[in-house]
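Printed here is coords.csv (CSV, C-alpha atoms):
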```csv
chain,number,residue,atom,x,y,z
L,1,MET,CA,13.5,2.0,-3.1
L,2,ILE,CA,15.4,1.4,0.2
L,3,PRO,CA,13.6,4.1,2.1
L,4,ALA,CA,10.3,2.8,0.9
L,5,PHE,CA,11.2,-0.7,2.2
L,6,ALA,CA,12.4,0.8,5.5
L,7,VAL,CA,9.2,2.7,6.1
L,8,LEU,CA,7.0,-0.3,5.3
L,9,ALA,CA,9.1,-2.7,7.4
L,10,VAL,CA,9.1,-0.3,10.4
L,11,PHE,CA,5.4,0.2,10.3
L,12,ALA,CA,4.7,-3.5,9.8
L,13,LEU,CA,6.9,-4.4,12.7
L,14,ALA,CA,5.4,-1.9,15.0
L,15,LEU,CA,1.8,-3.0,14.2
L,16,LEU,CA,2.9,-6.6,14.4
L,17,ILE,CA,4.1,-6.0,18.0
L,18,VAL,CA,0.9,-4.2,18.9
L,19,ALA,CA,-1.1,-7.1,17.4
L,20,ALA,CA,0.9,-9.8,19.1
L,21,ARG,CA,0.6,-8.0,22.5
L,22,ARG,CA,-3.2,-8.3,22.2
L,23,GLY,CA,-2.7,-12.0,22.8
L,24,ASP,CA,-5.8,-13.0,20.9
L,25,GLY,CA,-4.3,-14.4,17.7
L,26,SER,CA,-4.6,-11.0,15.9
L,27,ALA,CA,-1.0,-11.2,14.7
L,28,ARG,CA,-1.4,-14.7,13.2
L,29,LYS,CA,-4.7,-13.7,11.6
L,30,ALA,CA,-3.1,-10.6,10.1
L,31,ILE,CA,-0.3,-12.6,8.6
L,32,ARG,CA,-2.7,-15.1,7.1
L,33,LEU,CA,-4.9,-12.3,5.7
L,34,GLY,CA,-1.8,-10.6,4.1
L,35,THR,CA,-0.5,-13.9,2.7
L,36,ASP,CA,-4.0,-14.8,1.3
L,37,MET,CA,-4.3,-11.4,-0.3
L,38,MET,CA,-0.9,-11.7,-1.9
L,39,VAL,CA,-1.5,-15.2,-3.2
L,40,LYS,CA,-4.8,-14.2,-4.7
L,41,VAL,CA,-3.4,-11.2,-6.6
L,42,ILE,CA,-0.1,-12.8,-7.8
L,43,PRO,CA,-1.5,-13.7,-11.3
L,44,LEU,CA,-2.9,-10.2,-11.6
L,45,LEU,CA,0.4,-8.7,-10.4
L,46,LEU,CA,2.4,-10.7,-12.9
L,47,LEU,CA,0.1,-9.5,-15.7
L,48,ALA,CA,0.3,-5.9,-14.4
L,49,PHE,CA,4.1,-5.9,-14.5
L,50,ILE,CA,4.1,-7.5,-18.0
L,51,LEU,CA,1.7,-4.7,-19.0
L,52,ALA,CA,3.9,-2.1,-17.4
L,53,GLY,CA,7.0,-3.5,-19.1
L,54,MET,CA,5.3,-3.5,-22.5
L,55,LEU,CA,4.2,0.1,-21.9
L,56,HIS,CA,7.9,0.8,-21.6
L,57,SER,CA,8.6,-0.9,-25.0
L,58,ALA,CA,5.6,0.2,-26.9
L,59,LEU,CA,5.5,3.9,-26.1
L,60,PRO,CA,8.5,5.9,-27.2
L,61,PRO,CA,9.9,7.7,-24.1
L,62,ARG,CA,10.2,10.9,-26.1
L,63,LEU,CA,6.5,10.9,-26.6
L,64,ILE,CA,5.8,10.5,-22.9
L,65,ARG,CA,8.4,13.2,-21.9
L,66,GLU,CA,6.9,15.5,-24.4
L,67,TRP,CA,3.2,15.0,-23.4
L,68,LEU,CA,3.5,14.1,-19.8
L,69,GLY,CA,7.0,15.4,-18.7
L,70,GLN,CA,7.6,18.1,-16.2
L,71,HIS,CA,7.4,20.8,-18.8
L,72,ALA,CA,4.0,19.5,-20.1
L,73,GLY,CA,2.4,21.7,-17.4
L,74,LEU,CA,-1.4,21.7,-17.2
L,75,ARG,CA,-1.7,19.6,-20.3
L,76,GLY,CA,0.2,16.8,-18.6
L,77,VAL,CA,-1.9,17.1,-15.5
L,78,LEU,CA,-5.2,16.9,-17.5
L,79,ILE,CA,-4.0,14.0,-19.7
L,80,GLY,CA,-2.8,12.3,-16.5
L,81,GLY,CA,-6.1,12.7,-14.7
L,82,VAL,CA,-8.1,11.4,-17.6
L,83,CYS,CA,-5.8,8.4,-18.3
L,84,GLY,CA,-5.8,7.6,-14.5
L,85,ALA,CA,-9.6,7.6,-14.4
L,86,LEU,CA,-9.6,5.1,-17.3
L,87,ILE,CA,-7.3,2.5,-15.5
L,88,PRO,CA,-9.7,-0.2,-14.3
L,89,GLY,CA,-9.0,-2.4,-11.2
L,90,GLY,CA,-7.2,-2.0,-7.9
L,91,PRO,CA,-3.9,-0.6,-6.8
L,92,TYR,CA,-2.0,-3.7,-7.9
L,93,ILE,CA,-2.9,-2.9,-11.5
L,94,ALA,CA,-2.9,0.9,-11.4
L,95,PHE,CA,0.4,1.5,-9.5
L,96,PRO,CA,2.7,-0.6,-11.7
L,97,ILE,CA,1.3,1.1,-14.8
L,98,ILE,CA,1.7,4.6,-13.3
L,99,SER,CA,5.2,3.7,-12.1
L,100,ALA,CA,6.1,2.7,-15.7
L,101,VAL,CA,4.8,6.0,-17.0
L,102,TYR,CA,6.9,7.8,-14.4
L,103,LYS,CA,10.0,5.8,-15.2
L,104,ALA,CA,9.5,6.7,-18.9
L,105,GLY,CA,9.8,10.4,-18.1
L,106,ALA,CA,6.5,11.7,-16.9
L,107,GLY,CA,6.6,14.6,-14.4
L,108,ILE,CA,5.7,14.4,-10.7
L,109,SER,CA,2.6,16.5,-11.0
L,110,THR,CA,1.4,14.3,-13.9
L,111,VAL,CA,2.0,11.2,-11.9
L,112,ILE,CA,0.0,12.7,-8.9
L,113,ALA,CA,-2.8,13.6,-11.3
L,114,PHE,CA,-2.7,10.0,-12.6
L,115,VAL,CA,-3.1,8.6,-9.1
L,116,THR,CA,-5.7,11.1,-8.1
L,117,GLY,CA,-7.7,10.6,-11.3
L,118,TRP,CA,-7.6,6.8,-10.8
L,119,ALA,CA,-8.5,7.0,-7.1
L,120,MET,CA,-11.3,9.6,-7.3
L,121,MET,CA,-12.8,9.1,-10.8
L,122,GLY,CA,-11.8,5.5,-11.6
L,123,VAL,CA,-14.2,3.8,-13.9
L,124,GLY,CA,-13.6,0.5,-12.2
L,125,LYS,CA,-15.6,1.5,-9.0
L,126,ILE,CA,-18.6,2.8,-10.8
L,127,PRO,CA,-20.4,-0.5,-11.3
L,128,PHE,CA,-20.2,-1.1,-7.5
L,129,GLU,CA,-21.4,2.5,-6.8
L,130,LEU,CA,-24.3,2.1,-9.1
L,131,ALA,CA,-25.3,-1.1,-7.5
L,132,PHE,CA,-25.3,0.2,-3.9
L,133,MET,CA,-25.9,3.9,-4.3
L,134,GLY,CA,-28.0,4.2,-7.4
L,135,THR,CA,-27.8,6.6,-10.4
L,136,ARG,CA,-28.7,9.8,-8.6
L,137,PHE,CA,-26.0,9.5,-6.0
L,138,THR,CA,-23.4,8.4,-8.5
L,139,LEU,CA,-24.1,11.3,-10.9
L,140,LEU,CA,-24.0,13.8,-8.1
L,141,ARG,CA,-20.8,12.3,-6.7
L,142,ILE,CA,-19.1,12.5,-10.1
L,143,LEU,CA,-20.1,16.1,-10.6
L,144,LEU,CA,-19.1,17.0,-7.0
L,145,PHE,CA,-15.7,15.4,-7.3
L,146,LEU,CA,-15.0,16.9,-10.7
L,147,SER,CA,-15.8,20.4,-9.4
L,148,SER,CA,-13.6,19.9,-6.4
L,149,ARG,CA,-10.7,19.5,-8.7
L,150,PHE,CA,-11.0,23.1,-9.6
L,151,LEU,CA,-11.2,24.5,-6.0
L,152,PRO,CA,-8.2,25.6,-4.0
L,153,GLY,CA,-6.6,22.6,-2.4
L,154,GLY,CA,-8.2,20.3,-4.8
L,155,ARG,CA,-6.0,21.2,-7.7
L,156,PRO,CA,-2.8,19.3,-8.5
L,157,ILE,CA,0.1,21.7,-8.1
L,158,SER,CA,3.1,21.8,-10.5
L,159,TYR,CA,6.5,21.0,-9.0
L,160,SER,CA,9.9,21.8,-10.4
L,161,GLU,CA,12.1,18.8,-9.8
L,162,PRO,CA,15.3,17.2,-10.9
L,163,HIS,CA,14.3,14.1,-12.8
I,1,MET,CA,-11.9,-9.6,-11.2
I,2,ARG,CA,-12.0,-11.9,-14.3
I,3,ASN,CA,-13.1,-9.1,-16.7
I,4,ILE,CA,-10.2,-7.0,-15.5
I,5,THR,CA,-7.7,-9.9,-16.0
I,6,ILE,CA,-9.0,-10.4,-19.5
I,7,GLY,CA,-8.9,-6.7,-20.2
I,8,MET,CA,-5.3,-6.5,-19.0
I,9,ALA,CA,-4.3,-9.5,-21.0
I,10,ILE,CA,-5.7,-7.9,-24.1
I,11,ALA,CA,-4.0,-4.6,-23.4
I,12,ALA,CA,-0.7,-6.4,-22.8
I,13,ALA,CA,-1.1,-8.2,-26.1
I,14,ALA,CA,-2.0,-5.0,-28.0
I,15,LEU,CA,1.1,-3.2,-26.5
I,16,SER,CA,3.3,-6.3,-27.5
I,17,VAL,CA,2.1,-5.9,-31.1
I,18,LEU,CA,2.8,-2.2,-31.0
I,19,ALA,CA,6.3,-2.9,-29.6
I,20,TYR,CA,6.9,-5.6,-32.2
I,21,SER,CA,5.9,-3.1,-35.0
I,22,ARG,CA,8.3,-0.5,-33.6
I,23,GLY,CA,11.4,-2.8,-33.0
I,24,GLY,CA,10.6,-6.4,-33.7
I,25,MET,CA,11.1,-9.3,-31.2
I,26,PRO,CA,14.1,-7.6,-29.3
I,27,LEU,CA,11.9,-4.8,-28.2
I,28,VAL,CA,9.1,-7.2,-27.1
I,29,LEU,CA,11.6,-9.2,-25.1
I,30,SER,CA,13.1,-6.0,-23.6
I,31,GLY,CA,9.6,-5.0,-22.4
I,32,LEU,CA,9.2,-8.4,-20.8
I,33,LYS,CA,12.6,-8.1,-19.1
I,34,GLU,CA,11.7,-4.6,-18.0
I,35,GLY,CA,8.5,-5.8,-16.3
I,36,GLY,CA,10.3,-8.7,-14.7
I,37,LEU,CA,13.0,-6.5,-13.3
I,38,MET,CA,10.5,-4.1,-11.9
I,39,LEU,CA,8.7,-6.9,-10.2
I,40,ALA,CA,11.9,-8.5,-8.9
I,41,GLU,CA,13.0,-5.1,-7.5
I,42,ILE,CA,9.6,-4.5,-5.8
I,43,ALA,CA,8.9,-8.0,-4.6
I,44,PRO,CA,10.3,-7.5,-1.0
I,45,LEU,CA,8.4,-4.3,-0.7
I,46,LEU,CA,5.2,-6.0,-1.8
I,47,ALA,CA,5.6,-8.7,0.8
I,48,ALA,CA,6.0,-6.0,3.5
I,49,ALA,CA,3.0,-4.0,2.0
I,50,PHE,CA,0.7,-7.1,2.1
I,51,LEU,CA,1.7,-7.9,5.6
I,52,LEU,CA,0.9,-4.3,6.6
I,53,ALA,CA,-2.4,-4.3,4.7
I,54,GLY,CA,-3.4,-7.5,6.6
I,55,LEU,CA,-2.4,-6.0,9.9
I,56,ILE,CA,-4.5,-2.8,9.3
I,57,GLN,CA,-7.5,-5.0,8.4
I,58,VAL,CA,-7.2,-6.9,11.6
I,59,MET,CA,-6.6,-3.8,13.8
I,60,VAL,CA,-9.5,-1.8,12.3
I,61,SER,CA,-12.7,-3.7,12.5
I,62,ARG,CA,-16.0,-2.9,10.8
I,63,GLU,CA,-17.6,-2.1,14.2
I,64,PHE,CA,-14.9,0.4,14.9
I,65,ILE,CA,-15.7,2.2,11.6
I,66,GLU,CA,-19.4,2.1,12.2
I,67,ARG,CA,-19.0,3.7,15.6
I,68,TRP,CA,-17.2,6.6,13.8
I,69,LEU,CA,-19.6,7.2,11.0
I,70,GLY,CA,-23.1,8.6,11.2
I,71,ARG,CA,-22.5,10.4,14.5
I,72,GLY,CA,-23.1,14.1,14.9
I,73,ALA,CA,-23.9,16.5,12.2
I,74,GLY,CA,-22.3,19.3,10.1
I,75,VAL,CA,-18.6,19.9,10.1
I,76,LYS,CA,-17.9,17.4,12.8
I,77,ALA,CA,-19.8,14.7,11.0
I,78,VAL,CA,-17.9,15.5,7.7
I,79,LEU,CA,-14.6,15.1,9.6
I,80,LEU,CA,-15.7,11.8,11.2
I,81,GLY,CA,-16.9,10.5,7.9
I,82,ALA,CA,-13.6,11.3,6.3
I,83,VAL,CA,-11.6,9.6,9.1
I,84,ALA,CA,-13.9,6.5,8.8
I,85,GLY,CA,-13.3,6.5,5.0
I,86,ALA,CA,-9.5,6.6,5.6
I,87,LEU,CA,-9.7,3.6,7.9
I,88,VAL,CA,-12.1,1.3,6.1
I,89,PRO,CA,-10.2,-1.5,4.5
I,90,GLY,CA,-11.0,-3.4,1.3
I,91,GLY,CA,-12.2,-2.6,-2.2
I,92,PRO,CA,-15.4,-0.8,-3.4
I,93,TYR,CA,-17.5,-3.9,-2.7
I,94,ILE,CA,-16.9,-3.3,1.0
I,95,SER,CA,-16.9,0.5,1.2
I,96,TYR,CA,-20.0,1.2,-0.8
I,97,PRO,CA,-22.3,-1.1,1.2
I,98,ILE,CA,-21.0,0.6,4.4
I,99,ALA,CA,-21.7,4.1,2.8
I,100,ALA,CA,-25.2,2.9,1.7
I,101,SER,CA,-26.1,1.6,5.1
I,102,PHE,CA,-25.1,4.9,6.8
I,103,PHE,CA,-26.9,7.0,4.3
I,104,ILE,CA,-30.0,4.9,4.8
I,105,GLY,CA,-29.4,5.2,8.5
I,106,GLY,CA,-29.7,8.9,8.3
I,107,ALA,CA,-26.2,10.3,7.8
I,108,GLU,CA,-26.0,13.6,6.0
I,109,ILE,CA,-25.0,13.5,2.3
I,110,GLY,CA,-21.8,15.4,3.1
I,111,THR,CA,-20.7,12.8,5.6
I,112,VAL,CA,-21.2,10.1,3.0
I,113,MET,CA,-19.4,12.0,0.3
I,114,ALA,CA,-16.5,12.8,2.6
I,115,PHE,CA,-16.4,9.1,3.5
I,116,ILE,CA,-16.1,8.0,-0.1
I,117,ALA,CA,-13.6,10.8,-1.0
I,118,ALA,CA,-11.4,9.9,2.0
I,119,LYS,CA,-11.6,6.2,1.0
I,120,ASN,CA,-10.3,7.3,-2.4
I,121,VAL,CA,-7.5,9.6,-1.4
I,122,TRP,CA,-6.7,9.2,2.3
I,123,THR,CA,-7.1,5.4,2.5
I,124,LEU,CA,-4.7,3.7,4.9
I,125,THR,CA,-4.8,0.2,3.6
I,126,ARG,CA,-3.6,1.3,0.1
I,127,LEU,CA,-0.8,3.5,1.5
I,128,PRO,CA,1.8,0.6,1.9
I,129,MET,CA,1.1,-0.4,-1.7
I,130,GLU,CA,1.5,3.2,-3.0
I,131,VAL,CA,4.8,3.5,-1.1
I,132,ALA,CA,6.0,0.2,-2.4
I,133,LEU,CA,5.2,0.9,-6.0
I,134,LEU,CA,5.6,4.6,-6.4
I,135,GLY,CA,8.1,5.5,-3.7
I,136,VAL,CA,8.0,7.6,-0.6
I,137,ARG,CA,8.4,11.0,-2.3
I,138,ILE,CA,5.5,10.7,-4.7
I,139,THR,CA,3.3,9.2,-2.1
I,140,VAL,CA,3.9,12.0,0.5
I,141,LEU,CA,3.4,14.7,-2.2
I,142,ARG,CA,0.2,13.0,-3.4
I,143,TYR,CA,-1.2,12.9,0.2
I,144,ILE,CA,-0.4,16.5,0.7
I,145,VAL,CA,-1.9,17.7,-2.6
I,146,THR,CA,-5.1,15.8,-2.1
I,147,PHE,CA,-5.4,16.3,1.7
I,148,LEU,CA,-8.2,18.8,1.8
I,149,ILE,CA,-10.4,17.1,-0.9
I,150,PRO,CA,-12.6,14.9,1.4
I,151,VAL,CA,-13.4,17.8,3.7
I,152,ILE,CA,-14.1,20.2,0.8
I,153,VAL,CA,-16.4,17.8,-1.0
I,154,GLY,CA,-18.2,16.9,2.2
I,155,LEU,CA,-18.9,20.5,3.2
I,156,LEU,CA,-19.8,21.4,-0.4
I,157,ALA,CA,-22.2,18.5,-0.7
I,158,ASN,CA,-24.0,19.6,2.5
I,159,PHE,CA,-24.2,23.1,1.2
I,160,ILE,CA,-25.4,22.6,-2.4
I,161,LEU,CA,-27.2,19.2,-2.3
I,162,SER,CA,-29.5,19.8,0.8
I,163,LYS,CA,-32.6,20.1,-1.4
I,164,SER,CA,-32.2,16.9,-3.4
I,165,VAL,CA,-30.9,14.7,-0.6
I,166,GLU,CA,-34.1,13.0,0.3
I,167,ARG,CA,-34.7,11.9,-3.3
I,168,VAL,CA,-31.2,10.5,-3.5
I,169,ARG,CA,-31.7,8.7,-0.1
I,170,GLU,CA,-34.9,7.2,-1.4
I,171,GLN,CA,-33.2,5.6,-4.3
I,172,VAL,CA,-30.4,4.2,-2.1
I,173,ARG,CA,-33.0,2.7,0.2
I,174,ALA,CA,-34.9,1.2,-2.7
I,175,LEU,CA,-31.7,-0.5,-4.0
I,176,ALA,CA,-31.0,-2.0,-0.5
I,177,GLY,CA,-34.4,-3.7,-0.9
I,178,GLY,CA,-36.1,-5.6,1.9
I,179,ASP,CA,-33.0,-7.2,3.4
I,180,ARG,CA,-32.6,-4.4,5.9
I,181,PRO,CA,-34.6,-3.7,9.0
```

Kindly transcribe the structure held in the file into structure tokens.
Amino acid sequence: MIPAFAVLAVFALALLIVAARRGDGSARKAIRLGTDMMVKVIPLLLLAFILAGMLHSALPPRLIREWLGQHAGLRGVLIGGVCGALIPGGPYIAFPIISAVYKAGAGISTVIAFVTGWAMMGVGKIPFELAFMGTRFTLLRILLFLSSRFLPGGRPISYSEPH
Amino acid sequence: MRNITIGMAIAAAALSVLAYSRGGMPLVLSGLKEGGLMLAEIAPLLAAAFLLAGLIQVMVSREFIERWLGRGAGVKAVLLGAVAGALVPGGPYISYPIAASFFIGGAEIGTVMAFIAAKNVWTLTRLPMEVALLGVRITVLRYIVTFLIPVIVGLLANFILSKSVERVREQVRALAGGDRP
């Protein structure tokens, strides 16, 4: 987790300097935006982490390793993609849940399928899409994105990894 | 937002019951502890991630995105649409109205599909959150694996949907109603 923090801190600092050098209050506005966002999602975050922790307790690790572990192969990727699509809500909800599944023993390719399934096929966005783009566009988009998963470059690859 | 909160609370309660049936109160408490520890470990990362998300939102304005999208045609437009999708901040309630306004404004369907796909897999504002919660390695691999998707779906859409595009556009325009020029 240390490299993750370093990466984020370096980028934040660099952008903060750029924003501050604009001299138009951009930096202060950005800090306020970020703080507002954080305060707004804190209840949701707490709930997401409780959910992630419970996932840890409720699902036997053996089951996850067997079905979603690095030896689960294509089955793990398919299950991951479908489960990912079924996670509603934004990144604050999806990522803690996916992180819990990873910690419980899921393989990297399964985790990537989880994230991709949630990001590309997530059910949570469909109401917005229907409202602004209509049924025709939404249907075509779903078919198109589904088919892209089977094209070269669109397919999650399996990795061998030390877990 | 409220529906999601309620749904998550129900899921957490259901999992608690499942944990209780597997190992009684100690297992439920260990689940709570696990969640708390995860949050405590990640809290500083989240603070940095939110600061970064705020900064990206300020640096990349909506006008900036709009200048990128809906310009040119063919492969170039697909690429521009994908870059715009990567840059657009906020949730689906922000990106879909932008996608709709460009589609109505005459952008090709491949440009719009590439925009949405890139918003889903290339997005810049979510990147800090992904690094914070899943780590650098998974995030980098995930970006590599899904890198070509926006371009592929954009080109594919232009190629196979060119016949039905006007009917689709008509519906998007009807949904936008009279509140547009």

List as number ranges by chain the protein and nucleic acid residues near Gly31 in chain I, meaning an atom at most 12 Å away when all atoms listed in the file are counted, but skip any in the same chain fewer than 3 places from it.
L: 49-60, 100; I: 12-13, 15-20, 23-28, 34-38

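For the pair CA of Glu170 in chain I and CA of Lys76 in chain I, the interatomic distance is 24.4 Å.
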
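Between Phe95 in chain L and the residues I:Gly81, I:Ile42, I:Lys163, I:Ala47, the shortest atom-to-atom distance, using all atoms listed in the file, involves I:Ile42.
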
Go ahead and find all residues with at least one atom no further than 7 Å from (5.3, -2.4, 5.5) in the file's coordinates, using all atoms listed in the file; report them as an NGL selection string.
(:L and (5 or 7-12)) or (:I and (48-49 or 51-52 or 128))

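Among L:Leu144, L:Gly105, L:Arg149, L:Cys83, the residue with the shortest atom-to-atom distance to Ala157 in chain I, counting all atoms listed in the file, is L:Leu144.
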
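What separates CA of Val165 in chain I from CA of Gly74 in chain I is a distance of 14.5 Å.
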
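CA of Leu16 in chain L sits 17.5 Å away from CA of Leu87 in chain I.
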
Can you tell me which residues surround Met121 in chain L at a distance of at most 9 Å, considering only C-alpha atoms, apart from same-chain residues fewer than 6 positions away, and format the answer as number ranges by chain?
L: 81-82, 84-86, 142, 145-146; I: 120

Within 10 Å of Tyr93 in chain I, counting all atoms listed in the file, which residues qualify if same-chain residues fewer than 5 places away don't, as a PDB file with C-alpha atoms, keeping the file's coordinate frame?
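Dumped everything to around30.pdb:
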```pdb
ATOM      1  CA  LYS L 125     -15.600   1.500  -9.000  1.00  0.00           C
ATOM      2  CA  PRO L 127     -20.400  -0.500 -11.300  1.00  0.00           C
ATOM      3  CA  PHE L 128     -20.200  -1.100  -7.500  1.00  0.00           C
ATOM      4  CA  GLU L 129     -21.400   2.500  -6.800  1.00  0.00           C
ATOM      5  CA  ALA L 131     -25.300  -1.100  -7.500  1.00  0.00           C
ATOM      6  CA  PHE L 132     -25.300   0.200  -3.900  1.00  0.00           C
TER       7      PHE L 132
ATOM      8  CA  ILE I  98     -21.000   0.600   4.400  1.00  0.00           C
TER       9      ILE I  98
END
```

Sphere at (7.5, 7.2, -1.4), radius 12 Å, counting only C-alpha atoms: residues as a PyMOL selection string:
(chain L and resi 1-8+99+108+112) or (chain I and resi 45+127-143)

The residue from I:Ile109, I:Ala9, I:Ala176, I:Ile94 with the smallest atom-to-atom distance to Ser162 in chain I, counting only C-alpha atoms, is I:Ile109

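Minimum atom-to-atom distances from L:Thr138, L:Pro96, L:Ala106, L:Leu33 to Gln57 in chain I were compared using only C-alpha atoms, and the lowest value belongs to L:Leu33.
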
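Considering the residues L:Val77, L:Ala27, L:Ala72, L:Met120 and counting only C-alpha atoms, Lys119 in chain I has its shortest atom-to-atom contact with L:Met120.
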
Which residues are close to Lys103 in chain L, i.e. within 10 Å by all atoms listed in the file, leaving aside same-chain residues fewer than 5 positions away? Reply as a PyMOL selection string.
(chain L and resi 56+61+64+97-98+163) or (chain I and resi 134)

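Each of L:Leu63, L:Ile17, L:Leu139, L:Met133 was checked against chain I using only C-alpha atoms; the smallest atom-to-atom distance is that of L:Met133.
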
Complete the atoms of range 73-87 of chain L to N, CA and C atoms and put them out as a PDB file, in the frame of the given file.
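And here's selection_0.pdb as it stands now:
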```
ATOM      1  N   GLY L  73       3.262  20.755 -18.119  1.00  0.00           N
ATOM      2  CA  GLY L  73       2.400  21.700 -17.400  1.00  0.00           C
ATOM      3  C   GLY L  73       0.965  21.151 -17.246  1.00  0.00           C
ATOM      4  N   LEU L  74       0.016  22.053 -17.449  1.00  0.00           N
ATOM      5  CA  LEU L  74      -1.400  21.700 -17.200  1.00  0.00           C
ATOM      6  C   LEU L  74      -1.854  20.618 -18.167  1.00  0.00           C
ATOM      7  N   ARG L  75      -1.291  20.599 -19.393  1.00  0.00           N
ATOM      8  CA  ARG L  75      -1.700  19.600 -20.300  1.00  0.00           C
ATOM      9  C   ARG L  75      -1.369  18.181 -19.782  1.00  0.00           C
ATOM     10  N   GLY L  76      -0.149  18.051 -19.210  1.00  0.00           N
ATOM     11  CA  GLY L  76       0.200  16.800 -18.600  1.00  0.00           C
ATOM     12  C   GLY L  76      -0.689  16.376 -17.492  1.00  0.00           C
ATOM     13  N   VAL L  77      -1.060  17.361 -16.672  1.00  0.00           N
ATOM     14  CA  VAL L  77      -1.900  17.100 -15.500  1.00  0.00           C
ATOM     15  C   VAL L  77      -3.316  16.630 -16.002  1.00  0.00           C
ATOM     16  N   LEU L  78      -3.842  17.303 -17.027  1.00  0.00           N
ATOM     17  CA  LEU L  78      -5.200  16.900 -17.500  1.00  0.00           C
ATOM     18  C   LEU L  78      -5.148  15.547 -18.172  1.00  0.00           C
ATOM     19  N   ILE L  79      -4.135  15.294 -19.020  1.00  0.00           N
ATOM     20  CA  ILE L  79      -4.000  14.000 -19.700  1.00  0.00           C
ATOM     21  C   ILE L  79      -3.858  12.903 -18.581  1.00  0.00           C
ATOM     22  N   GLY L  80      -2.996  13.207 -17.583  1.00  0.00           N
ATOM     23  CA  GLY L  80      -2.800  12.300 -16.500  1.00  0.00           C
ATOM     24  C   GLY L  80      -4.039  11.920 -15.766  1.00  0.00           C
ATOM     25  N   GLY L  81      -4.831  12.948 -15.438  1.00  0.00           N
ATOM     26  CA  GLY L  81      -6.100  12.700 -14.700  1.00  0.00           C
ATOM     27  C   GLY L  81      -7.051  11.864 -15.479  1.00  0.00           C
ATOM     28  N   VAL L  82      -7.187  12.143 -16.776  1.00  0.00           N
ATOM     29  CA  VAL L  82      -8.100  11.400 -17.600  1.00  0.00           C
ATOM     30  C   VAL L  82      -7.643   9.939 -17.770  1.00  0.00           C
ATOM     31  N   CYS L  83      -6.343   9.781 -18.095  1.00  0.00           N
ATOM     32  CA  CYS L  83      -5.800   8.400 -18.300  1.00  0.00           C
ATOM     33  C   CYS L  83      -5.933   7.638 -16.968  1.00  0.00           C
ATOM     34  N   GLY L  84      -5.671   8.307 -15.838  1.00  0.00           N
ATOM     35  CA  GLY L  84      -5.800   7.600 -14.500  1.00  0.00           C
ATOM     36  C   GLY L  84      -7.198   7.122 -14.321  1.00  0.00           C
ATOM     37  N   ALA L  85      -8.194   7.954 -14.649  1.00  0.00           N
ATOM     38  CA  ALA L  85      -9.600   7.600 -14.400  1.00  0.00           C
ATOM     39  C   ALA L  85      -9.939   6.328 -15.287  1.00  0.00           C
ATOM     40  N   LEU L  86      -9.224   6.162 -16.415  1.00  0.00           N
ATOM     41  CA  LEU L  86      -9.600   5.100 -17.300  1.00  0.00           C
ATOM     42  C   LEU L  86      -8.896   3.743 -16.930  1.00  0.00           C
ATOM     43  N   ILE L  87      -7.971   3.772 -15.959  1.00  0.00           N
ATOM     44  CA  ILE L  87      -7.300   2.500 -15.500  1.00  0.00           C
ATOM     45  C   ILE L  87      -8.343   1.751 -14.661  1.00  0.00           C
TER      46      ILE L  87
END
```
